[in-house]
Each structure stands twice: as structure tokens, then as C-alpha cells.
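First the structure, in the form of C-alpha cells, and then the observations on it.
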Amino acid sequence: MDFVYVATRGRIVIPARLRRRLGIRPGTKVCFIERGDDILFQPVTKQYIRSICGMLKSAPSVTDELLAERKNDRGRTEIKR
């Protein structure tokens with residue numbers, strides 16, 4: 001477990017061991033996630049983005065549902081004419 005101190009203006013230094021392991025380099029975007037009283041630190045690296053790609057593929061697409069609904073509406077409109 002590593003400990004760091006919060007410096008002026010809220011700055012922290014991420015230990016080198018963690019930077020190397022997580023692929024954090026200068027300019028890497030980092031996301032802080034609040035979960036109750038805890039703060040999760042998630043570097044947004046290419047590896048992280050690849051790991052979450054496709055997570056929502058199994059969920060129904062709102063766009064597909066909307067297109068199907070519009071298609072049904074068009075069918076109803078054409079029948080009435």
C-alpha cells in the first residue's frame with residue numbers, strides 16, 4: 001500500500017511503481033469516481049478504453065427501437081390513405 005500527501009492546490013504524486021504498472025504518462029487523463037466515502041482513481045488509457053469497448057453491446061439499442069417504432073408508424077399512416 002502506498003501513501004501520498006496532498007500538496008498545495010490539491011495536487012498528489014502518483015508513486016512511480018503505480019504509474020509504470022498502469023501505463024500513466026505525462027498527459028494521461030485520470031477519472032476520479034466517488035463511491036460513498038471512497039474515491040476510485042481510474043487512468044483513462046488506451047488499454048482501459050479497449051477493456052470497456054463493447055460493454056453495452058448486449059443492451060438493446062435505443063436507436064434501433066426508435067427506428068422500428070418509426071417504421072411501424074409509417075406502416076400505419078400508409079394503410080389509412
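Identifiers in the C-alpha cells: chain A, B, ... in order shown; residue index from 1 per chain; ligand index from 1 in order shown.
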
* **9 Å contact set for region 44-46 of chain A, only C-alpha atoms, chain neighbours under 3 positions out, as a ChimeraX atom specification** => /A:22-24,28-31,49-51

* Asked: If you measure from CA of Thr8 (chain A) to CA of Arg20 (chain A), what distance in Å do you get, rounded to one decimal?
  ->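 Rounded to one decimal, the two atoms are 24.6 Å apart.
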
* Asked: How far is it from CA of Phe41 (chain A) to CA of Arg9 (chain A), in Å with one decimal?
  ->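 Separating CA of Phe41 (chain A) from CA of Arg9 (chain A) is a distance of 18.0 Å.
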